[in-house]
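In what follows, a structure is listed as structure tokens, so that the remarks can point back to it.
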Amino acid sequence: MGAYFDQNATTPLDERVRAAMLPWLGERWGNAASAHRFGQAAREAVEAAREEVARLIGAGSPAEIVFTGSGTEANNAVVYAALARAGGRGRVVLSGLEHPSVPGPLATPWGAGVEGVRVDPEPSGVVAAERFAAALEPGAAVAALMLASNEVGTIQPVATVAAACRERGVPLLCDAVQAAGKIPVSVQILGADYVTIGAHKFHGPLGAAALWVRPGAPFAPLLVGGAQERRFRASTVNVAAVVGFGAACRLAREELAERALRLAALRDRFEAGLATTAPGAVVHGAGAPRLPHTSSVAFPGVVQQELMIRLDLEGYAVSIGSACASGRVDPSPALLRMGIPDELALGTIRVSFGLTNRAEEVDAFLPILGRAVASLRAAGSAAGVR
Ligand SMILES: Cc1ncc(COP(=O)(O)O)c(C=O)c1O
């Protein structure tokens, strides 16, 4: 049978989103910055999409939305702008769960002289708001706390941290890329200064993401040249992708509650089935508030790469969220930062569900997973890895 259970990496395009995009990949075209009728039509389509993005995240006005090419670009833009303000001094405070696109700029020449202060999550998979607040002193150029972890799915105390940031005058970036379209996201409730979301994580197209910027928050564009996106992001707008993004946002908003229930039912079915099919499995972050579609599970005595490959051979796609450098197996930093022992982190896979998955797929997957785990354990999979 086989199934795609790596929906946190990317999701298949919703056919309704595809239908909305198709005219802009064929009989319709235009540069949204052009004054003639072709440009006007493209601009209208882009502005309608902007309105949908704004509605999904409760922005005060569509003008607060900046379209970008990816979540990475949106996160990079905020951090690079902060580094420019820092001028080679001071600190940036980040949670230990952030996607690499958030700390990434610190490791470039633009980050030289700026201290990156990392606040690791508790063993629950949730960052302690008071520890994060304490790290903001003595003044930071920017802070970053994601809304939900892409690896474990745990939901973070963004509103509490945002209040602490506001008191200290530190702008806060909230990466909501994995949360948008899955759980309610309101920029007003979050209280952050920047929020990023991306279409391809909730059945929209690749190539369209958004950065919400609170009016008056400090910002400097990453891309300069034209006057597009109110000079927040130069480039000719990717009309087809943005139109698809708008459609994906509208559908997510209309169907959010029903989707969350469906996804949580798949995840719960999977996790409940583990007890009998793969005894000893440990679900990370199980006691914390979590996204409905993400399951991060450790199988003691198993090496994640070997398990992933076995499952791939059976047609099941899962993720391992780690890198394998120079023949050495490296467990996921996010898991280690939660205090999960090396051996468990090394045996962890991420199973993530989407709207294309069905209960029958979960039922067919469980015995295959169980057999793969048992046979790898019997073969001494994890023996001598470290
Ligand atoms: C939490 C989070 N932030 C940012 C990104 C990067 O988004 P993109 O793939 O659009 O660059 C991802 C993608 O995996 C993610 O999961």
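In the structure tokens, each chain is lettered A, B, ... as it comes, each chain's residues begin at 1, and ligands are numbered from 1 in order of appearance.
Near Gly280 (chain A), within a cut-off of 10 Å and counting only C-alpha atoms, sit the residues Leu274, Ala275, Ala298, Phe299, Pro300 and Gly301 of chain A, with same-chain residues fewer than 5 positions away left out.
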So which residues are near ligand 1, meaning at most 9 Å away with only C-alpha atoms and all ligand atoms counted, given back as a PyMOL selection string? chain A and resi 8-10+69-75+97-102+146-151+175-179+196-201+206-209
Write a file of the selected residues as a tab-separated table (two decimals), in the first residue's frame, keeping N, CA and C atoms.
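Writing the result to result.tsv gives the following:
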chain	number	residue	atom	x	y	z
A	8	ASN	N	5.10	17.19	7.41
A	8	ASN	CA	5.75	18.39	7.95
A	8	ASN	C	6.86	18.87	7.02
A	9	ALA	N	7.34	17.98	6.15
A	9	ALA	CA	8.37	18.39	5.19
A	9	ALA	C	7.71	19.20	4.08
A	10	THR	N	6.68	18.65	3.50
A	10	THR	CA	5.84	19.40	2.57
A	10	THR	C	4.57	18.60	2.35
A	69	GLY	N	9.35	34.25	-0.82
A	69	GLY	CA	9.44	33.01	-1.60
A	69	GLY	C	9.43	31.76	-0.74
A	70	SER	N	9.69	31.90	0.56
A	70	SER	CA	9.74	30.72	1.44
A	70	SER	C	9.71	31.18	2.89
A	71	GLY	N	9.46	30.20	3.77
A	71	GLY	CA	9.53	30.49	5.20
A	71	GLY	C	10.96	30.84	5.60
A	72	THR	N	11.91	30.18	4.98
A	72	THR	CA	13.33	30.46	5.24
A	72	THR	C	13.63	31.93	4.96
A	73	GLU	N	13.16	32.41	3.81
A	73	GLU	CA	13.44	33.80	3.44
A	73	GLU	C	12.82	34.75	4.47
A	74	ALA	N	11.60	34.47	4.89
A	74	ALA	CA	10.92	35.35	5.84
A	74	ALA	C	11.67	35.38	7.17
A	75	ASN	N	12.07	34.21	7.67
A	75	ASN	CA	12.81	34.16	8.94
A	75	ASN	C	14.17	34.86	8.80
A	97	LEU	N	14.64	25.25	19.85
A	97	LEU	CA	13.81	24.45	18.93
A	97	LEU	C	13.76	25.06	17.54
A	98	GLU	N	14.29	26.28	17.38
A	98	GLU	CA	14.08	27.01	16.12
A	98	GLU	C	14.57	26.24	14.90
A	99	HIS	N	13.85	26.47	13.80
A	99	HIS	CA	14.26	25.93	12.50
A	99	HIS	C	15.60	26.59	12.13
A	100	PRO	N	16.49	25.89	11.43
A	100	PRO	CA	17.82	26.47	11.13
A	100	PRO	C	17.77	27.81	10.39
A	101	SER	N	16.65	28.14	9.76
A	101	SER	CA	16.57	29.43	9.06
A	101	SER	C	16.53	30.60	10.03
A	102	VAL	N	16.33	30.34	11.33
A	102	VAL	CA	16.33	31.43	12.32
A	102	VAL	C	17.75	31.69	12.85
A	146	MET	N	9.37	29.96	18.21
A	146	MET	CA	8.41	29.45	17.22
A	146	MET	C	7.09	29.09	17.90
A	147	LEU	N	6.01	29.08	17.12
A	147	LEU	CA	4.72	28.74	17.71
A	147	LEU	C	4.62	27.24	17.98
A	148	ALA	N	5.12	26.43	17.07
A	148	ALA	CA	5.07	24.98	17.29
A	148	ALA	C	6.29	24.33	16.65
A	149	SER	N	6.84	23.37	17.35
A	149	SER	CA	8.05	22.70	16.87
A	149	SER	C	7.75	21.84	15.65
A	150	ASN	N	8.60	21.97	14.62
A	150	ASN	CA	8.43	21.15	13.43
A	150	ASN	C	8.79	19.69	13.69
A	151	GLU	N	9.61	19.45	14.70
A	151	GLU	CA	10.04	18.07	14.95
A	151	GLU	C	9.15	17.33	15.93
A	175	ASP	N	7.93	32.06	14.44
A	175	ASP	CA	7.85	31.21	13.26
A	175	ASP	C	6.61	30.30	13.44
A	176	ALA	N	5.58	30.61	12.66
A	176	ALA	CA	4.33	29.82	12.76
A	176	ALA	C	4.17	28.92	11.54
A	177	VAL	N	5.28	28.59	10.89
A	177	VAL	CA	5.23	27.84	9.63
A	177	VAL	C	4.55	26.48	9.81
A	178	GLN	N	4.83	25.79	10.91
A	178	GLN	CA	4.19	24.47	11.08
A	178	GLN	C	2.80	24.58	11.69
A	179	ALA	N	2.51	25.70	12.32
A	179	ALA	CA	1.23	25.83	13.03
A	179	ALA	C	0.11	26.34	12.12
A	196	THR	N	5.83	34.33	10.72
A	196	THR	CA	6.06	33.76	9.38
A	196	THR	C	5.16	32.54	9.19
A	197	ILE	N	4.65	32.41	7.97
A	197	ILE	CA	3.88	31.21	7.61
A	197	ILE	C	4.25	30.84	6.17
A	198	GLY	N	4.00	29.59	5.79
A	198	GLY	CA	4.36	29.15	4.43
A	198	GLY	C	3.29	28.25	3.85
A	199	ALA	N	2.97	28.47	2.56
A	199	ALA	CA	1.84	27.78	1.92
A	199	ALA	C	2.04	26.28	1.81
A	200	HIS	N	3.29	25.84	1.56
A	200	HIS	CA	3.46	24.42	1.23
A	200	HIS	C	3.32	23.47	2.42
A	201	LYS	N	3.18	24.03	3.60
A	201	LYS	CA	2.97	23.17	4.77
A	201	LYS	C	1.49	22.85	4.98
A	206	LEU	N	4.55	25.38	-3.22
A	206	LEU	CA	5.90	25.85	-2.90
A	206	LEU	C	6.08	27.23	-3.53
A	207	GLY	N	6.99	28.01	-2.99
A	207	GLY	CA	7.30	29.31	-3.61
A	207	GLY	C	6.44	30.46	-3.12
A	208	ALA	N	5.61	30.22	-2.11
A	208	ALA	CA	4.83	31.33	-1.54
A	208	ALA	C	4.80	31.20	-0.03
A	209	ALA	N	5.21	32.25	0.64
A	209	ALA	CA	5.17	32.31	2.10
A	209	ALA	C	4.89	33.76	2.47
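Coordinates place CA of Gly125 (chain A) at a distance of 13.6 Å from CA of Pro341 (chain A).
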Do a neighbour search on Val46 (chain A) at 7 Å with only C-alpha atoms, toss out local chain neighbours closer than 6 positions, and write the hits as JSON, numbers by chain. {"A": [239, 242, 243]}
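Taking CA of Val224 (chain A) and CA of Gly30 (chain A) as endpoints, the distance between them is 20.8 Å.
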For Arg214 (chain A), the closest of A:Ala45, A:Ala143, A:Pro171, A:Ala334 counting only C-alpha atoms is A:Pro171
Contact residues around Gln304 (chain A) with only C-alpha atoms at 7 Å, ignoring same-chain residues under 2 positions, as a PDB file with C-alpha atoms, in the first residue's frame:
ATOM      1  CA  VAL A 302      16.837   0.961  16.670  1.00  0.00           C
ATOM      2  CA  GLU A 306      17.844   2.076   9.150  1.00  0.00           C
ATOM      3  CA  LEU A 307      14.204   2.245  10.155  1.00  0.00           C
ATOM      4  CA  MET A 308      13.463   5.036   7.708  1.00  0.00           C
ATOM      5  CA  ILE A 320      14.340  11.433  10.872  1.00  0.00           C
ATOM      6  CA  LEU A 346      19.027   8.198  17.666  1.00  0.00           C
ATOM      7  CA  GLY A 347      16.029   5.875  17.465  1.00  0.00           C
ATOM      8  CA  THR A 348      13.464   8.605  16.756  1.00  0.00           C
ATOM      9  CA  ILE A 349      11.350   9.050  13.635  1.00  0.00           C
TER      10      ILE A 349
END
Which residues are near Val79 (chain A)? Cut-off 12 Å, only C-alpha atoms, ignore same chain within fewer than 6 positions. Put them as a ChimeraX atom specification. /A:72-73,85-86,91-94,100-108,110-111,114,116,140-144,171-175,194,218-222
DSSP-assigned strand (DSSP E or B) members of region 87-163 of chain A, reported as a list in words: Arg91, Val92, Val93, Leu94, Ser95, Glu115, Gly116, Val117, Arg118, Val119, Ala140, Ala141, Val142, Ala143, Ala144, Ala148, Thr154 and Ile155 of chain A
Which residues in region 139-296 of chain A does DSSP call alpha helix (DSSP H)? List them as JSON, numbers by chain. {"A": [158, 159, 160, 161, 162, 163, 164, 165, 166, 167, 168, 187, 188, 189, 190, 239, 240, 241, 242, 243, 244, 245, 246, 247, 248, 249, 250, 251, 252, 253, 254, 255, 256, 257, 258, 259, 260, 261, 262, 263, 264, 265, 266, 267, 268, 269, 270, 271, 272, 273, 274, 275, 276, 277]}
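Counting from CA of Leu335 (chain A), the distance to CA of Leu376 (chain A) is 21.8 Å.
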Leaving out Asp14 (chain A) and any residue of its chain fewer than 6 positions from it, which residues lie within 8 Å of it when counting only C-alpha atoms, given as number ranges by chain? A: 203-204, 248
Selected residues, C-alpha atoms, written as a PDB file, in the first residue's frame, please.
ATOM      1  CA  HIS A 203      -1.556  21.989   0.959  1.00  0.00           C
ATOM      2  CA  GLY A 204      -0.634  25.202  -0.825  1.00  0.00           C
ATOM      3  CA  ALA A 248      -4.950  27.476   0.693  1.00  0.00           C
TER       4      ALA A 248
END
